[in-house]
Structures are given as structure tokens and as C-alpha cells.
Amino acid sequence: MSEAHHRHGAYIGRHAASERLPRHRHADPYVALVLRGGYQEAGDEGRFAARPGTVIVHGCWTAHLDRFGACGAEVLNLPTVAGLAPGVGTIDDPDAVARMAERDPLAAAAHLRNGFNRHAVGMADWPDLLAEALRTDPDLALAQWARRMKLEPASVSRGFARAYGVSPKRFRLEVRTRRALTALGDWRGSLADLAADHGFADQAHLTRSVGAMTGVPPVVLRAKSVQARGDQTG
């Protein structure tokens, strides 16, 4: 499906029993609503067991892997609307949203937003605790965290990668990169200052990380953001 369809339309993904989708990234925000079956998602916001009625709101440039259950899954993907911040919760009547999405995907997303019951349904094994710690503090020292948890650092790296499809060091770098991307639009200082403020070694390190995540260097993204602000005020 094209990116334009993903941004402005709706589609249903049907996944086979025990299917596994490796870690992948979405440039645009979107909402996933489980209609049938279930799966486990492990991504930037944590690891969740998704069942019928589960709603997962994904932000820009987020990545995750999916492991589908014995019955597979049917998942409705919708565009986001204002007021739907990234997170996880449930909705009481997913089929009503699906029927509405056939006629008007944006109206369906707004209906979902109004009935969205946001709550924490994440797992709480040590890889999930580490993911939460890294989201809270990207400067976290992994070896010290492992010692506090009475785990070997090498085991932490392997176990986290099995759960999330990425090493804890890479996960931490991506947390920093997404934070820098969020700040970039309103940043008034230099890119070197932005890099220092978000824990990068230097501007070149920031540029490589942003380019790896988005395919575009930060100087181009910043110029587009300035242009967009000008269009809104012009």
C-alpha cells in the first residue's frame, strides 16, 4: 500500500497464525485497532499483548516488531487525528469503527478517539523495565542498570534484542534521535547545540542518526519545518 493511502485512508492487515514481522519503522503516525485474533507488539512505547479491541497509537518514525498468535490477527489501520497521542488502550466496539472506516477513515479515527480508554497494558519483564528506563533516561548506563538488576551485561544485550529486535544501545540512540526530531521544529539554536542538548557526541553524530531514521539530514527537515510555519502564517 502506498504511503499516501496509509496517511489518508484505512486498510485491514490480515496476518497468518504464528506470523512474525521483524522490527520495522513507520514514517507517519497511525492507529492500529485489533479486530480479530491477537499479537504481541514490542516497540518504542513498550511491549504489549494486543487483543480484539486493543488500540495502539503510533507516533512519527516509531519502530516495532510483531509476533502473531495461534489464530493470526486482523488489524484495522487508521490515520491519526488531533487529540490521539501515542499510547495504548481499548475501545468497546471495534466493529463499529471498522464499519465507519469503510465510508470515512478520518471520521472513524475521530470516533475511536472519543471512545478510547487509555490505560497501561504493557508487559513488565526485565526487558520492558529496561525499555521504560531508557525512554525515561537515554543517558542511562547499561552496565550499572544490569548490576542493579543482578544480570550479566551480555545477557541483558541478548535478551533485550530477542524481545525488541534491537540492542539496548540502539534503542537508546533511537530514543535520543526521536527526541531531537521532536525538538527540531521549534529549535532556534545551532544543530551543534541541539546535538549536545540531546546527548549526541557532536553534530555529525546527530546528522547520521537522524539520516538513518528518516532518510533525510536534520538541516533539510529543519528547513521544511520553517517553510511549513511560514505557510501557516502567510
# chains A, B, ... in the order shown; residues from 1 in each chain; ligands from 1
call {"tool": "residues_around", "arguments": {"residues": "Gly38 of chain A", "least_positions_apart": "3", "cutoff": "6 Å", "atoms": "only C-alpha atoms", "output": "list in words"}}
result
Ala50, Arg51, Gly69 and Ala73 of chain A
call {"tool": "select_by_dssp", "arguments": {"residues": "segment 19-142 of chain A", "states": "alpha helix (DSSP H)", "output": "VMD selection string"}}
result
chain A and resid 94 to 103 105 to 115 126 to 136 142
call {"tool": "residues_around", "arguments": {"residues": "Phe171 of chain A", "least_positions_apart": "4", "cutoff": "12 Å", "atoms": "only C-alpha atoms", "output": "NGL selection string"}}
result
:A and (23 or 42-46 or 62-64 or 127-128 or 130-135 or 137-140 or 142 or 157 or 160-161 or 163-167 or 175-178 or 209 or 213)
call {"tool": "atom_distance", "arguments": {"atom1": "atom CA of Arg118 of chain A", "atom2": "atom CA of Val55 of chain A"}}
result
8.6 Å
call {"tool": "select_by_dssp", "arguments": {"residues": "segment 20-135 of chain A", "states": "strand (DSSP E)", "output": "PyMOL selection string"}}
result
chain A and resi 20-26+30-43+46-50+54-58+62-79+87-90+117-118
call {"tool": "residues_around", "arguments": {"residues": "Pro218 of chain A", "least_positions_apart": "4", "cutoff": "10 Å", "atoms": "only C-alpha atoms", "output": "ChimeraX atom specification"}}
result
/A:180-181,184-185,191,203,206-211,214,222-224
call {"tool": "atom_distance", "arguments": {"atom1": "atom CA of Thr90 of chain A", "atom2": "atom CA of Arg172 of chain A"}}
result
28.1 Å
call {"tool": "residues_around", "arguments": {"residues": "Cys71 of chain A", "least_positions_apart": "3", "cutoff": "10 Å", "atoms": "only C-alpha atoms", "output": "number ranges by chain"}}
result
A: 15-19, 36-39, 68, 74
call {"tool": "write_last_selection", "arguments": {"atoms": "N, CA and C atoms", "output": "PDB file, in the first residue's frame"}}
result
ATOM      1  N   HIS A  15      -3.107 -11.243   9.090  1.00  0.00           N
ATOM      2  CA  HIS A  15      -1.840 -11.901   9.379  1.00  0.00           C
ATOM      3  C   HIS A  15      -2.077 -13.359   9.751  1.00  0.00           C
ATOM      4  N   ALA A  16      -1.213 -14.218   9.242  1.00  0.00           N
ATOM      5  CA  ALA A  16      -1.364 -15.659   9.435  1.00  0.00           C
ATOM      6  C   ALA A  16      -0.992 -16.062  10.861  1.00  0.00           C
ATOM      7  N   ALA A  17      -1.452 -17.260  11.232  1.00  0.00           N
ATOM      8  CA  ALA A  17      -1.129 -17.808  12.544  1.00  0.00           C
ATOM      9  C   ALA A  17       0.388 -17.904  12.706  1.00  0.00           C
ATOM     10  N   SER A  18       0.864 -17.460  13.860  1.00  0.00           N
ATOM     11  CA  SER A  18       2.282 -17.526  14.236  1.00  0.00           C
ATOM     12  C   SER A  18       3.194 -16.739  13.302  1.00  0.00           C
ATOM     13  N   GLU A  19       2.631 -15.833  12.525  1.00  0.00           N
ATOM     14  CA  GLU A  19       3.451 -14.974  11.675  1.00  0.00           C
ATOM     15  C   GLU A  19       4.293 -14.039  12.551  1.00  0.00           C
ATOM     16  N   ARG A  36      -9.702  -8.926  15.158  1.00  0.00           N
ATOM     17  CA  ARG A  36      -9.781 -10.372  15.394  1.00  0.00           C
ATOM     18  C   ARG A  36      -8.400 -10.879  15.795  1.00  0.00           C
ATOM     19  N   GLY A  37      -8.385 -11.984  16.557  1.00  0.00           N
ATOM     20  CA  GLY A  37      -7.120 -12.618  16.908  1.00  0.00           C
ATOM     21  C   GLY A  37      -6.317 -11.792  17.890  1.00  0.00           C
ATOM     22  N   GLY A  38      -5.007 -11.897  17.780  1.00  0.00           N
ATOM     23  CA  GLY A  38      -4.161 -11.153  18.697  1.00  0.00           C
ATOM     24  C   GLY A  38      -2.695 -11.285  18.340  1.00  0.00           C
ATOM     25  N   TYR A  39      -1.895 -10.427  18.933  1.00  0.00           N
ATOM     26  CA  TYR A  39      -0.461 -10.460  18.681  1.00  0.00           C
ATOM     27  C   TYR A  39       0.264  -9.701  19.782  1.00  0.00           C
ATOM     28  N   PHE A  68       2.512 -12.736  15.951  1.00  0.00           N
ATOM     29  CA  PHE A  68       1.083 -13.039  15.920  1.00  0.00           C
ATOM     30  C   PHE A  68       0.802 -14.391  16.569  1.00  0.00           C
ATOM     31  N   GLU A  74      -6.439  -9.842  12.627  1.00  0.00           N
ATOM     32  CA  GLU A  74      -6.985  -8.895  11.648  1.00  0.00           C
ATOM     33  C   GLU A  74      -6.921  -7.527  12.307  1.00  0.00           C
TER      34      GLU A  74
END
